[in-house]
Amino acid sequence: MSDSLRAAVRQAVDLVPDLGTGWLMLALVPLLLAAVALLTAGRWSDAPGHRMIRALSIGAATLSAVGVAGTTLHRPVVETPWIPSLGVWLRLGVDGLSIPLLLLTAVVGVVAVALHLHLPPAPRPVRPEDEGLETTSPVPVLRSTDVPGLATYHACLQLVLLGALVTFLAGDALLFFVGFELVLVPMWVLVARYGDVGSDREGAALRFLLVTVVGSTLMLVGILGVATASGTTDLGQWAAQRGEGIGTGTQVVLAAVLLTGFALKIPLFPLHTWLPWVHATAPTAGSVLLAAVLLKLGTYGIVRLVVPVVPDGFTTLSPLLGGLAVTGVVWASLACLVERDLKRLIAWSSVAHLGFVVLGLATGTETGLQAALFGNVAHGLISALLFVVVGGLKHRWGSADLSVARAALREVTPLLGGALALGMAASMGLPGLAGFWGEIGALYAAWAPAPDRPEGWFRVFMVAGALGGVLAVAYSARVLREVWSGDRVEPRIPDAVRTERVALGLLGALVLLLGVLPGLLLTVTASAAGRVIGG
């Protein structure tokens with residue numbers, strides 16, 4: 001970042017009042033109050049309508065986003081005893097590792113709560129002569145209406161955002177675990193109650209619940225193991241000690257337990273099979289939050305609780321971790337070439353892109369960690385953009401089946417089509433877009449890993465990852481050929497509504513901004529990444 005830009009940033013910070021811990025309260029309290037109010041809406045004397053519910057939900061998310069922005073600028077810290085008998089403190093704060101993910105959560109959170117809940121279409125009679133034919137007629141419902149459970153739906157979105165922010169702000173391992181767990185039940189409700197009625201949403205929600213519970217249990221076992229060995233749950237002290245007093249064998253065991261728990265959340269091959277099913281079933285806002293925010297809890301957990309805490313154990317397991325990461329990149333990319341459901345295809349691509357993030361972490365270098373941190377944010381923005389588009393298309397089409405003939409998006413919905421083209425171009429890793437820097441950085445780091453990593457194996461991983469990049473171009477081109485290009489104009493579907501236009505414009509602008517000016521993000525994470533790697 002140039003000196004003039006640094007000076008401009010400092011001047012902008014000086015214009016924002018320093019409210020101290022008030023910024024942290026503003027980031028968290030509106031979400032909690034809105035969730036409580038919406039969950040108890042059924043007891044109000046006058047039941048709120050859909051406009052009031054959306055206004056309350058959007059207002060709370062917006063206030064929280066303002067609080068997050070102030071928190072990242074002034075970096076207040078909260079430290080107060082929480083469970084004194086166990087030495088557990090309520091520690092909240094930010095650093096270069098958490099700031100990008102906090103801002104990502106704030107932006108994506110406002111987008112998610114603003115999206116309309118798409119209702120299932122009413123059954124339409126089929127003429128006898130049309131029986132057996134697959135319909136391609138559009139579904140006209142595009143906006144929320146007064147439906148039972150709308151308040152609970154928005155309450156769940158608020159709780160998911162609250163849990164994610166607590167996780168990224170946590171300075172204590174047990175508080176990290178509480179935030180990690182807080183997102184579980186509301187996300188399960190979003191899938192089970194508000195998911196696609198044409199699919200097995202109960203089964204998808206149950207799989208999500210079981211996988212997440214197993215991952216959380218393993219994470220808790222690992223946290224308790226490190227806390228017992230170190231005598232504290234302070235994440236700052238864990239990072240400063242860098243495994244001092246914990247034998248290498250014990251570090252390997254603790255790292256294996258923690259990595260397995262986080263691998264289920266990311267998800268990492270071969271523990272990834274739950275993700276496409278859940279994404280294909282979840283409502284659009286649920287898919288946006290799951291891909292852009294919740295999956296990042298796993299990669300962030302590795303950076304916080306594994307890399308600096310049990311470094312010898314992580315070093316021992318890093319070749320296996322890197323191998324699984326690139327296997328997932330290639331496997332998921334191949335799945336994208338044959339997947340017929342567009343929403344599941346985007347979910348498979350998430351597995352591939354997060355494989356690059358894990359590969360960067362496994363290299364043990366500052367470049368790899370920087371690439372992973374950048375890739376986290378880039379994938380969050382790109383996946384949110386794509387799920388907004390694909391969720392809207394699925395609602396308009398009545399399904400996301402790529403084998404059904406559709407009108408070319410560039411002809412009938414230029415706004416949705418343009419957003420899809422931008423998202424798929426970013427998924428290809430094209431220079432000038434956000435997806436490029438994280439993936440090229442991870443590949444570069446794999447070619448020159450840390451001295452304690454097997455260079456030969458990581459160079460093989462680099463070649464496999466590059467192959468995955470080639471496959472990404474292939475499946476992105478396939479999607480654009482199937483639904484964007486062509487001259488077919490029937491059946492017509494409506495283009496993006498105002499909410500979608502604002503969401504896609506914001507996310508698309510950020511994808512372009514980080515692609516052109518990656519230093520905006522890399523400068524924020526540089527010093528923290530150096531401390532994680534160098535001690």
# chains A, B, ... in the order shown; residues from 1 in each chain; ligands from 1
$ residues_around --residues "range 417-430 of chain A" --least-positions-apart "6" --cutoff "9 Å" --atoms "only C-alpha atoms" --output "ChimeraX atom specification"
/A:349,353,378-379,382-383,385-386,389-390,408-411,436-440,469-477,479-480,483-484,495,504-505,508,511-512,515
$ select_by_dssp --residues "range 105-330 of chain A" --states "alpha helix (DSSP H)" --output "PDB file with C-alpha atoms, in the first residue's frame"
ATOM      1  CA  THR A 105     -19.557 -11.613   7.511  1.00  0.00           C
ATOM      2  CA  ALA A 106     -20.969  -8.098   7.889  1.00  0.00           C
ATOM      3  CA  VAL A 107     -21.354  -7.554   4.134  1.00  0.00           C
ATOM      4  CA  VAL A 108     -22.725 -11.014   3.375  1.00  0.00           C
ATOM      5  CA  GLY A 109     -25.007 -10.816   6.405  1.00  0.00           C
ATOM      6  CA  VAL A 110     -26.769  -7.717   5.103  1.00  0.00           C
ATOM      7  CA  VAL A 111     -27.108  -9.359   1.685  1.00  0.00           C
ATOM      8  CA  ALA A 112     -28.541 -12.576   3.138  1.00  0.00           C
ATOM      9  CA  VAL A 113     -31.207 -10.982   5.331  1.00  0.00           C
ATOM     10  CA  ALA A 114     -32.244  -8.643   2.507  1.00  0.00           C
ATOM     11  CA  LEU A 150     -41.161 -15.791   8.372  1.00  0.00           C
ATOM     12  CA  ALA A 151     -40.163 -14.262  11.722  1.00  0.00           C
ATOM     13  CA  THR A 152     -38.456 -17.491  12.784  1.00  0.00           C
ATOM     14  CA  TYR A 153     -36.645 -17.624   9.454  1.00  0.00           C
ATOM     15  CA  HIS A 154     -35.163 -14.167   9.976  1.00  0.00           C
ATOM     16  CA  ALA A 155     -34.386 -14.952  13.629  1.00  0.00           C
ATOM     17  CA  CYS A 156     -32.320 -17.924  12.471  1.00  0.00           C
ATOM     18  CA  LEU A 157     -30.390 -15.711  10.056  1.00  0.00           C
ATOM     19  CA  GLN A 158     -29.624 -13.283  12.912  1.00  0.00           C
ATOM     20  CA  LEU A 159     -28.371 -16.096  15.152  1.00  0.00           C
ATOM     21  CA  VAL A 160     -26.139 -17.509  12.427  1.00  0.00           C
ATOM     22  CA  LEU A 161     -24.546 -14.088  11.974  1.00  0.00           C
ATOM     23  CA  LEU A 162     -24.180 -13.645  15.734  1.00  0.00           C
ATOM     24  CA  GLY A 163     -22.443 -17.003  16.131  1.00  0.00           C
ATOM     25  CA  ALA A 164     -20.052 -16.313  13.265  1.00  0.00           C
ATOM     26  CA  LEU A 165     -19.085 -12.889  14.635  1.00  0.00           C
ATOM     27  CA  VAL A 166     -18.510 -14.292  18.137  1.00  0.00           C
ATOM     28  CA  THR A 167     -16.256 -16.974  16.655  1.00  0.00           C
ATOM     29  CA  PHE A 168     -14.142 -14.479  14.725  1.00  0.00           C
ATOM     30  CA  LEU A 169     -13.949 -12.088  17.711  1.00  0.00           C
ATOM     31  CA  ALA A 173     -10.849 -21.127  23.092  1.00  0.00           C
ATOM     32  CA  LEU A 174     -14.074 -21.941  24.931  1.00  0.00           C
ATOM     33  CA  LEU A 175     -15.721 -18.754  23.675  1.00  0.00           C
ATOM     34  CA  PHE A 176     -14.584 -19.752  20.195  1.00  0.00           C
ATOM     35  CA  PHE A 177     -16.356 -23.080  20.707  1.00  0.00           C
ATOM     36  CA  VAL A 178     -19.548 -21.368  21.923  1.00  0.00           C
ATOM     37  CA  GLY A 179     -19.690 -19.173  18.826  1.00  0.00           C
ATOM     38  CA  PHE A 180     -18.890 -22.165  16.626  1.00  0.00           C
ATOM     39  CA  GLU A 181     -21.818 -24.074  18.148  1.00  0.00           C
ATOM     40  CA  LEU A 182     -24.235 -21.156  18.104  1.00  0.00           C
ATOM     41  CA  LEU A 184     -25.571 -25.081  14.400  1.00  0.00           C
ATOM     42  CA  VAL A 185     -29.249 -25.152  15.414  1.00  0.00           C
ATOM     43  CA  PRO A 186     -30.422 -22.084  13.442  1.00  0.00           C
ATOM     44  CA  MET A 187     -28.734 -23.370  10.284  1.00  0.00           C
ATOM     45  CA  TRP A 188     -30.369 -26.760  10.805  1.00  0.00           C
ATOM     46  CA  VAL A 189     -33.764 -25.031  11.106  1.00  0.00           C
ATOM     47  CA  LEU A 190     -33.140 -23.028   7.924  1.00  0.00           C
ATOM     48  CA  VAL A 191     -32.497 -26.209   5.950  1.00  0.00           C
ATOM     49  CA  ALA A 192     -35.139 -28.432   7.569  1.00  0.00           C
ATOM     50  CA  ARG A 193     -38.012 -25.934   7.651  1.00  0.00           C
ATOM     51  CA  TYR A 194     -37.305 -23.474   4.848  1.00  0.00           C
ATOM     52  CA  ARG A 201     -34.814 -31.364   3.359  1.00  0.00           C
ATOM     53  CA  GLU A 202     -35.179 -33.289   6.620  1.00  0.00           C
ATOM     54  CA  GLY A 203     -32.487 -35.712   5.477  1.00  0.00           C
ATOM     55  CA  ALA A 204     -30.189 -32.917   4.352  1.00  0.00           C
ATOM     56  CA  ALA A 205     -30.664 -31.037   7.627  1.00  0.00           C
ATOM     57  CA  LEU A 206     -30.012 -34.193   9.643  1.00  0.00           C
ATOM     58  CA  ARG A 207     -26.805 -34.879   7.753  1.00  0.00           C
ATOM     59  CA  PHE A 208     -25.660 -31.297   8.351  1.00  0.00           C
ATOM     60  CA  LEU A 209     -26.486 -31.649  12.043  1.00  0.00           C
ATOM     61  CA  LEU A 210     -24.666 -34.960  12.498  1.00  0.00           C
ATOM     62  CA  VAL A 211     -21.559 -33.890  10.590  1.00  0.00           C
ATOM     63  CA  THR A 212     -21.307 -30.601  12.452  1.00  0.00           C
ATOM     64  CA  VAL A 213     -21.856 -32.224  15.853  1.00  0.00           C
ATOM     65  CA  VAL A 214     -19.112 -34.774  15.188  1.00  0.00           C
ATOM     66  CA  GLY A 215     -16.750 -32.024  14.049  1.00  0.00           C
ATOM     67  CA  SER A 216     -17.579 -29.873  17.075  1.00  0.00           C
ATOM     68  CA  THR A 217     -17.049 -32.789  19.443  1.00  0.00           C
ATOM     69  CA  LEU A 218     -13.604 -33.476  18.016  1.00  0.00           C
ATOM     70  CA  MET A 219     -12.770 -29.785  18.214  1.00  0.00           C
ATOM     71  CA  LEU A 220     -13.837 -29.658  21.866  1.00  0.00           C
ATOM     72  CA  VAL A 221     -11.690 -32.700  22.685  1.00  0.00           C
ATOM     73  CA  GLY A 222      -8.715 -31.011  21.045  1.00  0.00           C
ATOM     74  CA  ILE A 223      -9.367 -27.722  22.863  1.00  0.00           C
ATOM     75  CA  LEU A 224      -9.559 -29.477  26.215  1.00  0.00           C
ATOM     76  CA  GLY A 225      -6.367 -31.358  25.425  1.00  0.00           C
ATOM     77  CA  VAL A 226      -4.439 -28.173  24.650  1.00  0.00           C
ATOM     78  CA  ALA A 227      -5.961 -26.379  27.657  1.00  0.00           C
ATOM     79  CA  THR A 228      -4.909 -29.202  29.970  1.00  0.00           C
ATOM     80  CA  ALA A 229      -1.357 -29.175  28.631  1.00  0.00           C
ATOM     81  CA  SER A 230      -0.971 -25.379  28.622  1.00  0.00           C
ATOM     82  CA  LEU A 235      -5.716 -18.109  22.457  1.00  0.00           C
ATOM     83  CA  GLY A 236      -3.067 -15.397  22.676  1.00  0.00           C
ATOM     84  CA  GLN A 237      -1.043 -17.405  25.176  1.00  0.00           C
ATOM     85  CA  TRP A 238      -1.493 -20.563  23.108  1.00  0.00           C
ATOM     86  CA  ALA A 239       0.005 -18.830  20.077  1.00  0.00           C
ATOM     87  CA  ALA A 240       2.843 -17.316  22.137  1.00  0.00           C
ATOM     88  CA  GLN A 241       3.803 -20.651  23.716  1.00  0.00           C
ATOM     89  CA  THR A 248       5.782 -33.949  19.688  1.00  0.00           C
ATOM     90  CA  GLY A 249       3.690 -37.119  19.891  1.00  0.00           C
ATOM     91  CA  THR A 250       1.002 -35.334  21.876  1.00  0.00           C
ATOM     92  CA  GLN A 251       1.055 -32.455  19.412  1.00  0.00           C
ATOM     93  CA  VAL A 252       0.493 -34.854  16.519  1.00  0.00           C
ATOM     94  CA  VAL A 253      -2.507 -36.401  18.272  1.00  0.00           C
ATOM     95  CA  LEU A 254      -4.011 -33.022  19.180  1.00  0.00           C
ATOM     96  CA  ALA A 255      -3.399 -31.678  15.677  1.00  0.00           C
ATOM     97  CA  ALA A 256      -5.024 -34.773  14.141  1.00  0.00           C
ATOM     98  CA  VAL A 257      -8.117 -34.399  16.338  1.00  0.00           C
ATOM     99  CA  LEU A 258      -8.480 -30.672  15.681  1.00  0.00           C
ATOM    100  CA  LEU A 259      -7.792 -30.964  11.952  1.00  0.00           C
ATOM    101  CA  THR A 260     -10.367 -33.720  11.560  1.00  0.00           C
ATOM    102  CA  GLY A 261     -12.969 -31.606  13.344  1.00  0.00           C
ATOM    103  CA  PHE A 262     -12.245 -28.576  11.174  1.00  0.00           C
ATOM    104  CA  ALA A 263     -11.983 -30.693   8.006  1.00  0.00           C
ATOM    105  CA  LEU A 264     -15.605 -31.738   8.511  1.00  0.00           C
ATOM    106  CA  LYS A 265     -16.613 -28.085   8.626  1.00  0.00           C
ATOM    107  CA  TRP A 274     -22.638 -33.591   2.918  1.00  0.00           C
ATOM    108  CA  LEU A 275     -22.090 -30.149   1.394  1.00  0.00           C
ATOM    109  CA  PRO A 276     -23.651 -30.455  -2.123  1.00  0.00           C
ATOM    110  CA  TRP A 277     -26.803 -32.040  -0.708  1.00  0.00           C
ATOM    111  CA  VAL A 278     -27.251 -29.348   1.944  1.00  0.00           C
ATOM    112  CA  HIS A 279     -26.580 -26.529  -0.528  1.00  0.00           C
ATOM    113  CA  ALA A 280     -29.054 -27.916  -3.046  1.00  0.00           C
ATOM    114  CA  THR A 281     -31.731 -28.021  -0.339  1.00  0.00           C
ATOM    115  CA  THR A 284     -30.936 -18.993  -0.993  1.00  0.00           C
ATOM    116  CA  ALA A 285     -29.957 -16.952   2.071  1.00  0.00           C
ATOM    117  CA  GLY A 286     -28.942 -20.143   3.872  1.00  0.00           C
ATOM    118  CA  SER A 287     -26.704 -21.184   0.983  1.00  0.00           C
ATOM    119  CA  VAL A 288     -25.151 -17.710   0.875  1.00  0.00           C
ATOM    120  CA  LEU A 289     -24.288 -17.785   4.590  1.00  0.00           C
ATOM    121  CA  LEU A 295     -17.309 -22.832   5.871  1.00  0.00           C
ATOM    122  CA  LYS A 296     -14.701 -20.216   6.831  1.00  0.00           C
ATOM    123  CA  LEU A 297     -15.087 -21.195  10.474  1.00  0.00           C
ATOM    124  CA  GLY A 298     -13.161 -24.368   9.635  1.00  0.00           C
ATOM    125  CA  THR A 299     -10.251 -22.731   7.832  1.00  0.00           C
ATOM    126  CA  TYR A 300     -10.082 -19.926  10.420  1.00  0.00           C
ATOM    127  CA  GLY A 301     -10.038 -22.535  13.169  1.00  0.00           C
ATOM    128  CA  ILE A 302      -6.967 -24.161  11.625  1.00  0.00           C
ATOM    129  CA  VAL A 303      -5.185 -20.801  11.540  1.00  0.00           C
ATOM    130  CA  ARG A 304      -6.135 -19.956  15.138  1.00  0.00           C
ATOM    131  CA  LEU A 305      -6.109 -23.268  16.976  1.00  0.00           C
ATOM    132  CA  PRO A 311       3.258 -26.400  15.261  1.00  0.00           C
ATOM    133  CA  ASP A 312       5.209 -29.663  15.386  1.00  0.00           C
ATOM    134  CA  GLY A 313       2.043 -31.712  15.054  1.00  0.00           C
ATOM    135  CA  PHE A 314       0.806 -29.574  12.177  1.00  0.00           C
ATOM    136  CA  THR A 315       4.162 -29.883  10.419  1.00  0.00           C
ATOM    137  CA  THR A 316       4.019 -33.673  10.687  1.00  0.00           C
ATOM    138  CA  LEU A 317       0.512 -33.853   9.249  1.00  0.00           C
ATOM    139  CA  SER A 318       0.868 -31.106   6.624  1.00  0.00           C
ATOM    140  CA  PRO A 319       1.863 -33.426   3.720  1.00  0.00           C
ATOM    141  CA  LEU A 320      -1.270 -35.493   4.303  1.00  0.00           C
ATOM    142  CA  LEU A 321      -3.336 -32.327   4.597  1.00  0.00           C
ATOM    143  CA  GLY A 322      -1.926 -30.929   1.356  1.00  0.00           C
ATOM    144  CA  GLY A 323      -2.511 -34.208  -0.459  1.00  0.00           C
ATOM    145  CA  LEU A 324      -6.148 -34.373   0.646  1.00  0.00           C
ATOM    146  CA  ALA A 325      -6.599 -30.722  -0.343  1.00  0.00           C
ATOM    147  CA  VAL A 326      -5.471 -31.150  -3.955  1.00  0.00           C
ATOM    148  CA  THR A 327      -7.325 -34.454  -4.241  1.00  0.00           C
ATOM    149  CA  GLY A 328     -10.446 -32.523  -3.301  1.00  0.00           C
ATOM    150  CA  VAL A 329      -9.630 -29.835  -5.852  1.00  0.00           C
ATOM    151  CA  VAL A 330      -9.397 -32.352  -8.705  1.00  0.00           C
TER     152      VAL A 330
END
$ atom_distance --atom1 "CA of Phe269 in chain A" --atom2 "CA of Phe374 in chain A"
21.0 Å
$ closest_residue --among "A:Val502, A:Ala434, A:Val16, A:Leu381" --to "Gly519 in chain A" --atoms "only C-alpha atoms"
A:Ala434
$ atom_distance --atom1 "CA of Leu24 in chain A" --atom2 "CA of Leu102 in chain A"
11.5 Å
$ atom_distance --atom1 "CA of Ala466 in chain A" --atom2 "CA of Pro454 in chain A"
18.6 Å
$ decode --residues "range 343-355 of chain A" --atoms "all heavy atoms" --output "JSON list (two decimals), in the first residue's frame"
[["chain", "number", "residue", "atom", "x", "y", "z"],
["A", 343, "LYS", "N", -27.17, -25.73, -8.70],
["A", 343, "LYS", "CA", -26.85, -25.35, -7.33],
["A", 343, "LYS", "C", -25.85, -26.32, -6.70],
["A", 343, "LYS", "O", -24.93, -25.91, -5.99],
["A", 343, "LYS", "CB", -28.13, -25.27, -6.49],
["A", 343, "LYS", "CG", -28.04, -24.30, -5.32],
["A", 343, "LYS", "CD", -29.36, -24.15, -4.61],
["A", 343, "LYS", "CE", -29.23, -23.16, -3.46],
["A", 343, "LYS", "NZ", -30.44, -23.12, -2.62],
["A", 344, "ARG", "N", -26.01, -27.60, -6.98],
["A", 344, "ARG", "CA", -25.04, -28.58, -6.49],
["A", 344, "ARG", "C", -23.68, -28.36, -7.15],
["A", 344, "ARG", "O", -22.64, -28.56, -6.53],
["A", 344, "ARG", "CB", -25.53, -30.00, -6.79],
["A", 344, "ARG", "CG", -26.70, -30.45, -5.91],
["A", 344, "ARG", "CD", -27.20, -31.81, -6.34],
["A", 344, "ARG", "NE", -26.18, -32.83, -6.13],
["A", 344, "ARG", "CZ", -26.10, -33.60, -5.05],
["A", 344, "ARG", "NH1", -26.98, -33.46, -4.07],
["A", 344, "ARG", "NH2", -25.17, -34.51, -4.94],
["A", 345, "LEU", "N", -23.68, -27.94, -8.41],
["A", 345, "LEU", "CA", -22.42, -27.69, -9.11],
["A", 345, "LEU", "C", -21.64, -26.57, -8.41],
["A", 345, "LEU", "O", -20.42, -26.68, -8.22],
["A", 345, "LEU", "CB", -22.72, -27.33, -10.56],
["A", 345, "LEU", "CG", -21.52, -27.20, -11.50],
["A", 345, "LEU", "CD1", -21.94, -27.54, -12.92],
["A", 345, "LEU", "CD2", -20.90, -25.80, -11.48],
["A", 346, "ILE", "N", -22.33, -25.50, -8.02],
["A", 346, "ILE", "CA", -21.65, -24.41, -7.32],
["A", 346, "ILE", "C", -21.14, -24.90, -5.97],
["A", 346, "ILE", "O", -20.06, -24.49, -5.51],
["A", 346, "ILE", "CB", -22.60, -23.21, -7.15],
["A", 346, "ILE", "CG1", -23.12, -22.73, -8.51],
["A", 346, "ILE", "CG2", -21.89, -22.07, -6.43],
["A", 346, "ILE", "CD1", -22.04, -22.34, -9.48],
["A", 347, "ALA", "N", -21.89, -25.79, -5.32],
["A", 347, "ALA", "CA", -21.41, -26.36, -4.06],
["A", 347, "ALA", "C", -20.15, -27.19, -4.26],
["A", 347, "ALA", "O", -19.20, -27.11, -3.46],
["A", 347, "ALA", "CB", -22.52, -27.21, -3.44],
["A", 348, "TRP", "N", -20.12, -27.99, -5.31],
["A", 348, "TRP", "CA", -18.91, -28.77, -5.61],
["A", 348, "TRP", "C", -17.73, -27.84, -5.87],
["A", 348, "TRP", "O", -16.60, -28.12, -5.45],
["A", 348, "TRP", "CB", -19.15, -29.66, -6.83],
["A", 348, "TRP", "CG", -19.87, -30.94, -6.57],
["A", 348, "TRP", "CD1", -21.12, -31.28, -6.97],
["A", 348, "TRP", "CD2", -19.36, -32.08, -5.86],
["A", 348, "TRP", "NE1", -21.44, -32.55, -6.55],
["A", 348, "TRP", "CE2", -20.37, -33.07, -5.87],
["A", 348, "TRP", "CE3", -18.16, -32.36, -5.21],
["A", 348, "TRP", "CZ2", -20.22, -34.30, -5.25],
["A", 348, "TRP", "CZ3", -18.01, -33.60, -4.59],
["A", 348, "TRP", "CH2", -19.02, -34.54, -4.62],
["A", 349, "SER", "N", -17.98, -26.73, -6.55],
["A", 349, "SER", "CA", -16.88, -25.81, -6.82],
["A", 349, "SER", "C", -16.33, -25.21, -5.53],
["A", 349, "SER", "O", -15.14, -24.89, -5.44],
["A", 349, "SER", "CB", -17.34, -24.70, -7.77],
["A", 349, "SER", "OG", -18.21, -23.78, -7.13],
["A", 350, "SER", "N", -17.18, -25.08, -4.50],
["A", 350, "SER", "CA", -16.70, -24.60, -3.20],
["A", 350, "SER", "C", -15.69, -25.56, -2.60],
["A", 350, "SER", "O", -14.69, -25.15, -2.00],
["A", 350, "SER", "CB", -17.87, -24.39, -2.24],
["A", 350, "SER", "OG", -18.67, -23.30, -2.62],
["A", 351, "VAL", "N", -15.95, -26.85, -2.72],
["A", 351, "VAL", "CA", -15.01, -27.85, -2.22],
["A", 351, "VAL", "C", -13.66, -27.68, -2.91],
["A", 351, "VAL", "O", -12.59, -27.73, -2.27],
["A", 351, "VAL", "CB", -15.55, -29.28, -2.45],
["A", 351, "VAL", "CG1", -14.53, -30.33, -2.02],
["A", 351, "VAL", "CG2", -16.86, -29.47, -1.70],
["A", 352, "ALA", "N", -13.69, -27.43, -4.23],
["A", 352, "ALA", "CA", -12.44, -27.26, -4.97],
["A", 352, "ALA", "C", -11.70, -25.99, -4.55],
["A", 352, "ALA", "O", -10.49, -26.02, -4.28],
["A", 352, "ALA", "CB", -12.74, -27.22, -6.47],
["A", 353, "HIS", "N", -12.41, -24.88, -4.45],
["A", 353, "HIS", "CA", -11.74, -23.62, -4.12],
["A", 353, "HIS", "C", -11.19, -23.62, -2.70],
["A", 353, "HIS", "O", -10.11, -23.07, -2.44],
["A", 353, "HIS", "CB", -12.69, -22.45, -4.34],
["A", 353, "HIS", "CG", -13.06, -22.23, -5.77],
["A", 353, "HIS", "ND1", -12.11, -22.01, -6.75],
["A", 353, "HIS", "CD2", -14.24, -22.21, -6.41],
["A", 353, "HIS", "CE1", -12.70, -21.86, -7.92],
["A", 353, "HIS", "NE2", -14.00, -21.98, -7.74],
["A", 354, "LEU", "N", -11.91, -24.22, -1.78],
["A", 354, "LEU", "CA", -11.40, -24.29, -0.41],
["A", 354, "LEU", "C", -10.23, -25.25, -0.30],
["A", 354, "LEU", "O", -9.43, -25.16, 0.64],
["A", 354, "LEU", "CB", -12.52, -24.67, 0.55],
["A", 354, "LEU", "CG", -13.56, -23.55, 0.76],
["A", 354, "LEU", "CD1", -14.76, -24.06, 1.54],
["A", 354, "LEU", "CD2", -12.94, -22.38, 1.50],
["A", 355, "GLY", "N", -10.11, -26.17, -1.26],
["A", 355, "GLY", "CA", -8.92, -27.02, -1.30],
["A", 355, "GLY", "C", -7.66, -26.20, -1.50],
["A", 355, "GLY", "O", -6.60, -26.50, -0.92]]
